[in-house]
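Structure, as structure tokens:
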Amino acid sequence: MCGIVAYIGPKQAYPILLKGLQRLEYRGYDSAGIALLNGGLILFKTKGKVAELEDYLKDKNLKGTIGIAHTRWATHGEPNQTNAHPHFSKSKKLAIIHNGIIENYAALKKELTKRGYTFDSDTDTEVLINLIEDIQQNENVSLEEAVRISLNQVIGAYAIVVLSQDNPDMLIAARKGSPLVIGVGEDDYFIASDATPIIEYTKNVVYLEDEEVAVVKRGEDLQIRNIKNRKKTPYIQELEWNLNELEKGGYEHFMLKEIYEQPRSVKDSMRGRLNAQSGIVSLGGIVDYEDKMLKARRIIMIACGTSWHAGLVGEYLFEDIARIPVEVEYASEFRYRNPIIDENDVVIAISQSGETADTLAAIEMARSKGATILGICNVVGSSIARATDAGTYTHAGPEIGVASTKAFTAQVTVLTLMALRLAKLKGTLPKSRFMQLLNELEALPEKITKVLDDHGITERIAEEFKAASNFLYLGRGYNFPVALEGALKLKEISYIHAEGYPAAEMKHGPIALIDENMPVVFIAPNKGIYEKVVSNIQEVKARNGKIIAIVTEGDTTVKDLADYIIEIPETEEMLVPILASVPLQKLAYYIAILRGCNVDQPRNLAKSVTVE
Ligand code: M6R
């Protein structure tokens, strides 16, 4: 969604801001803009991509060592040049960039209109900057004070940076419900909505907390106060990610790079947590909450999208091997449906970005009812990571492609470790079985490497089915969530309509869709209720559906029935989702490429969905 980048220091701001905007492109956006201060305040914005803004700025004077820039994903008002950020105040002496939504903007706007303000755009953001200016002028207070007073009147979420013509050595940044990170350089500061524009300049960052306002002055220490004017001490943390993780590293797209990173990312999510030889599984982040989990009436996993699919695999794992009841809920539904939940429940929030608005709101709701909240997040220091009582990072590294790939397999890996740890503590698995599972888990990264090296089969399948209008994905047991995930990957990046179903449910409706034009992807490893899945495959074949099947190496039964097979190495039933999701990611990728789609930034989508 929207992206923020700002700079103050001795260097020229424009190249830093432009690079920052490019780094933020992955979040999804529809317009971009920049404001610089060099004597006067200048502001440029365009609809479309950052490259279009760059083009538009080619012959402009872009000097200045302080500036703010933004990528906008439209919420209030259509995506056009006028609604793009930054926005000027009435006097054109203040400029603002803003992520989030000011919910009471209409009432504030009405009030300001009565006082003679007019508005160029349809945005809530332009209302906020005029409110700040109005307070500063009428109450005769400093800009910092005016920002604080305004934010006390605002209902909603915001991450803002304000630039002022009368304060050429200062930026003001504030957040509530929308993340903001301040990079602390040698003699400069960088402000951004996530750390990606900052990493190449400094690894020292301060994550602003909700309702904090930072005054960032050239050559001075960072000052933070909350909106009630209480002084806060900035807590400087070191970023874990490296610059090369934000580059494509020779791959054509981030998504492909991230698919191929999975042997490494799955290994990283197990690093220091699994020692198969000694029979050790431990997750330091949640060790103090193990007892709570073991005694919980039930565990509720809340998430959205791909992370919700990982939660579904988690449900199978926890119930199967640790015998703990689990429910998996869409965060967006859970938060509004008045669920029965109290201090006997443990909630696990799963999120790659750690910023998903619905998941955050669901956490707050569950907390207010007394539940213990744990998190599984990829982004260190993210809002969800900080909103939970404890948690486990997935350590998959930055995921830039909008379609989640390595984050999913890392989430499932962490859930597997958790389930095994609980099973050990609860004694629900015989020792030999436990050891066998640990060994298989440890062997996964090597097996993912084998899956990736598929001799071009996914590309050939993609070529054959690139023009399809619909796809059906079917699986049973542990592979039902994999079917859902395969379908989501395809629809979000190729725009082909795809549905995932439990294979046996096909007879209750979707079978009506099957004819010679319908590709049906089966996840059919030789595990669990394999024979039942084979029967489902036969049902599709009898209706001339085109069958693409993911099978265990050496399978001959499905091979005889399917039009195409993709083999994965033999593994435990509960570990199949990690291996089987990889070819589905590749299939979606190649189909999308052949259809000319922008796989890293699919239309209408944002990497982290920070509005509900
Ligand atoms: O950052 P999160 O894991 O909380 O994001 C949840 C979903 O928005 C995300 O998984 C989305 O469905 C992806 N585009 C799927 O590829």
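So you can find residues: chains in the structure tokens are A, B, ... in the order shown, residues in each start at 1, and ligands are numbered from 1 in order.
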
Non-local contacts of A:Arg323 (9 Å; only C-alpha atoms; under 2 positions in same chain excluded) as a PyMOL selection string | chain A and resi 317-321+325+422-423+426+428

Writing out the chosen residues with C-alpha atoms as a JSON list (two decimals), in the first residue's frame:
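Wrote selection.json, looks like this:
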```json
[["chain", "number", "residue", "atom", "x", "y", "z"],
["A", 317, "LEU", "CA", -0.35, -30.19, 12.30],
["A", 318, "PHE", "CA", -1.33, -29.12, 15.82],
["A", 319, "GLU", "CA", -4.34, -31.39, 16.00],
["A", 320, "ASP", "CA", -2.63, -34.33, 14.32],
["A", 321, "ILE", "CA", 0.59, -34.50, 16.29],
["A", 325, "PRO", "CA", -7.76, -28.17, 19.28],
["A", 422, "LEU", "CA", 4.22, -29.15, 21.78],
["A", 423, "ALA", "CA", 3.95, -32.82, 20.82],
["A", 426, "LYS", "CA", 2.76, -33.33, 25.70],
["A", 428, "THR", "CA", 1.75, -37.33, 22.06]]
```

If you run DSSP on this backbone, which residues of stretch 414-596 of chain A come out as strand (DSSP E), and could you give them as a ChimeraX atom specification?
-> /A:470-475,497-502,519-524,546-552,564-568

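Take atom CA of A:Trp73 and atom CA of A:Ala606: the distance between them is 8.0 Å.
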
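Residue-level DSSP output for stretch 145-257 of chain A, from the backbone, shows alpha helix (DSSP H) at A:Glu145, A:Ala146, A:Val147, A:Arg148, A:Ile149, A:Ser150, A:Leu151, A:Asn152, A:Gln153, A:Phe254, A:Met255, A:Leu256, A:Lys257.
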
Filtering to N, CA, C and O atoms, could you give me those residues as a PDB file, in the first residue's frame?
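Listed below is the output, result.pdb:
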```pdb
ATOM      1  N   GLU A 145       4.031  21.419  18.001  1.00  0.00           N
ATOM      2  CA  GLU A 145       2.863  21.480  18.889  1.00  0.00           C
ATOM      3  C   GLU A 145       1.572  21.386  18.065  1.00  0.00           C
ATOM      4  O   GLU A 145       0.625  20.680  18.444  1.00  0.00           O
ATOM      5  N   ALA A 146       1.572  22.058  16.915  1.00  0.00           N
ATOM      6  CA  ALA A 146       0.372  22.028  16.061  1.00  0.00           C
ATOM      7  C   ALA A 146       0.109  20.604  15.556  1.00  0.00           C
ATOM      8  O   ALA A 146      -1.042  20.166  15.478  1.00  0.00           O
ATOM      9  N   VAL A 147       1.187  19.882  15.235  1.00  0.00           N
ATOM     10  CA  VAL A 147       1.016  18.491  14.779  1.00  0.00           C
ATOM     11  C   VAL A 147       0.406  17.675  15.914  1.00  0.00           C
ATOM     12  O   VAL A 147      -0.549  16.921  15.721  1.00  0.00           O
ATOM     13  N   ARG A 148       0.942  17.863  17.110  1.00  0.00           N
ATOM     14  CA  ARG A 148       0.445  17.099  18.264  1.00  0.00           C
ATOM     15  C   ARG A 148      -1.033  17.401  18.538  1.00  0.00           C
ATOM     16  O   ARG A 148      -1.839  16.488  18.720  1.00  0.00           O
ATOM     17  N   ILE A 149      -1.374  18.679  18.527  1.00  0.00           N
ATOM     18  CA  ILE A 149      -2.772  19.050  18.813  1.00  0.00           C
ATOM     19  C   ILE A 149      -3.690  18.451  17.735  1.00  0.00           C
ATOM     20  O   ILE A 149      -4.736  17.887  18.033  1.00  0.00           O
ATOM     21  N   SER A 150      -3.267  18.548  16.476  1.00  0.00           N
ATOM     22  CA  SER A 150      -4.093  18.012  15.378  1.00  0.00           C
ATOM     23  C   SER A 150      -4.303  16.518  15.550  1.00  0.00           C
ATOM     24  O   SER A 150      -5.413  16.012  15.376  1.00  0.00           O
ATOM     25  N   LEU A 151      -3.215  15.816  15.881  1.00  0.00           N
ATOM     26  CA  LEU A 151      -3.331  14.357  15.955  1.00  0.00           C
ATOM     27  C   LEU A 151      -4.240  13.922  17.103  1.00  0.00           C
ATOM     28  O   LEU A 151      -4.819  12.845  17.064  1.00  0.00           O
ATOM     29  N   ASN A 152      -4.381  14.781  18.088  1.00  0.00           N
ATOM     30  CA  ASN A 152      -5.325  14.481  19.167  1.00  0.00           C
ATOM     31  C   ASN A 152      -6.772  14.605  18.682  1.00  0.00           C
ATOM     32  O   ASN A 152      -7.685  14.098  19.318  1.00  0.00           O
ATOM     33  N   GLN A 153      -6.957  15.289  17.562  1.00  0.00           N
ATOM     34  CA  GLN A 153      -8.330  15.457  17.045  1.00  0.00           C
ATOM     35  C   GLN A 153      -8.679  14.428  15.972  1.00  0.00           C
ATOM     36  O   GLN A 153      -9.803  14.370  15.496  1.00  0.00           O
ATOM     37  N   PHE A 254      11.435 -10.482  -8.701  1.00  0.00           N
ATOM     38  CA  PHE A 254      11.597 -10.826  -7.281  1.00  0.00           C
ATOM     39  C   PHE A 254      10.879 -12.136  -6.955  1.00  0.00           C
ATOM     40  O   PHE A 254      11.375 -12.944  -6.189  1.00  0.00           O
ATOM     41  N   MET A 255       9.720 -12.336  -7.575  1.00  0.00           N
ATOM     42  CA  MET A 255       8.958 -13.546  -7.229  1.00  0.00           C
ATOM     43  C   MET A 255       9.767 -14.803  -7.551  1.00  0.00           C
ATOM     44  O   MET A 255       9.833 -15.736  -6.745  1.00  0.00           O
ATOM     45  N   LEU A 256      10.406 -14.797  -8.729  1.00  0.00           N
ATOM     46  CA  LEU A 256      11.187 -15.985  -9.106  1.00  0.00           C
ATOM     47  C   LEU A 256      12.376 -16.156  -8.160  1.00  0.00           C
ATOM     48  O   LEU A 256      12.685 -17.258  -7.697  1.00  0.00           O
ATOM     49  N   LYS A 257      13.018 -15.036  -7.849  1.00  0.00           N
ATOM     50  CA  LYS A 257      14.150 -15.097  -6.917  1.00  0.00           C
ATOM     51  C   LYS A 257      13.680 -15.696  -5.581  1.00  0.00           C
ATOM     52  O   LYS A 257      14.340 -16.565  -5.002  1.00  0.00           O
TER      53      LYS A 257
END
```

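Minimum atom-to-atom distance to ligand 1, evaluated using only C-alpha atoms and all ligand atoms, belongs to A:His309 out of A:His70, A:Arg476, A:His309, A:Lys203.
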
If you count only C-alpha atoms and all ligand atoms, which residues end up within 10 Å of ligand 1, as a VMD selection string?
-> chain A and resid 302 to 310 331 349 to 360 376 to 379 384 399 401 to 405 407 to 408 411 485 to 486 488 to 493 585 601 to 602 605 to 610

Nearest candidate to A:Gly391 (options A:Val611, A:Ile101, A:Val287, A:Ala588; using only C-alpha atoms) = A:Val287

Test item: residues at most 9 Å from A:Glu553, only C-alpha atoms, excluding those fewer than 4 positions along its chain, as a PyMOL selection string | chain A and resi 525+566-570

I need the chosen residues saved as a PDB file, in the first residue's frame, with N, CA, C and O atoms.
```
ATOM      1  N   PRO A 525       0.106 -36.737  -3.418  1.00  0.00           N
ATOM      2  CA  PRO A 525       1.260 -37.534  -2.990  1.00  0.00           C
ATOM      3  C   PRO A 525       0.793 -38.909  -2.499  1.00  0.00           C
ATOM      4  O   PRO A 525      -0.386 -39.072  -2.191  1.00  0.00           O
ATOM      5  N   ILE A 566       3.969 -33.635 -12.006  1.00  0.00           N
ATOM      6  CA  ILE A 566       5.167 -32.971 -11.475  1.00  0.00           C
ATOM      7  C   ILE A 566       5.569 -33.785 -10.257  1.00  0.00           C
ATOM      8  O   ILE A 566       4.747 -33.969  -9.347  1.00  0.00           O
ATOM      9  N   GLU A 567       6.787 -34.285 -10.259  1.00  0.00           N
ATOM     10  CA  GLU A 567       7.189 -35.156  -9.145  1.00  0.00           C
ATOM     11  C   GLU A 567       7.839 -34.365  -8.019  1.00  0.00           C
ATOM     12  O   GLU A 567       8.592 -33.426  -8.257  1.00  0.00           O
ATOM     13  N   ILE A 568       7.522 -34.787  -6.799  1.00  0.00           N
ATOM     14  CA  ILE A 568       8.230 -34.237  -5.627  1.00  0.00           C
ATOM     15  C   ILE A 568       8.836 -35.419  -4.867  1.00  0.00           C
ATOM     16  O   ILE A 568       8.298 -36.530  -4.924  1.00  0.00           O
ATOM     17  N   PRO A 569       9.942 -35.205  -4.164  1.00  0.00           N
ATOM     18  CA  PRO A 569      10.562 -36.319  -3.442  1.00  0.00           C
ATOM     19  C   PRO A 569       9.655 -36.870  -2.337  1.00  0.00           C
ATOM     20  O   PRO A 569       8.795 -36.155  -1.822  1.00  0.00           O
ATOM     21  N   GLU A 570       9.873 -38.134  -2.019  1.00  0.00           N
ATOM     22  CA  GLU A 570       9.170 -38.789  -0.906  1.00  0.00           C
ATOM     23  C   GLU A 570       9.424 -37.995   0.386  1.00  0.00           C
ATOM     24  O   GLU A 570      10.548 -37.590   0.662  1.00  0.00           O
TER      25      GLU A 570
END
```

Contacts of A:Pro179 at 12 Å or less, counting only C-alpha atoms, minus same-chain residues fewer than 5 places along, as a ChimeraX atom specification?
-> /A:1-5,98-100,157-161,173-174,191-195,206-212,353-357,360,379,381-386,608-611

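Proximity to stretch 10-22 of chain A at 8 Å, evaluated using only C-alpha atoms and with sequence-adjacent residues fewer than 6 positions away removed, yields Gly3, Ile4, Ile34, Leu36, Val50, Glu54, Leu62, Lys63, Gly64, Thr65, Ile66, Gly67, Ile68, Ala69, His70, Thr71, Asp187, Asp188, Thr196, Pro197 and Ile198 of chain A.
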
Counting only C-alpha atoms, the residue of A:Tyr589, A:Val213, A:Leu584, A:Pro398 that sits nearest A:Lys228 | A:Val213

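You can rank A:Leu143, A:Ile514, A:Leu575, A:Ile591 by their closest distance to A:Leu441 using only C-alpha atoms, and at the top of that list sits A:Leu575.
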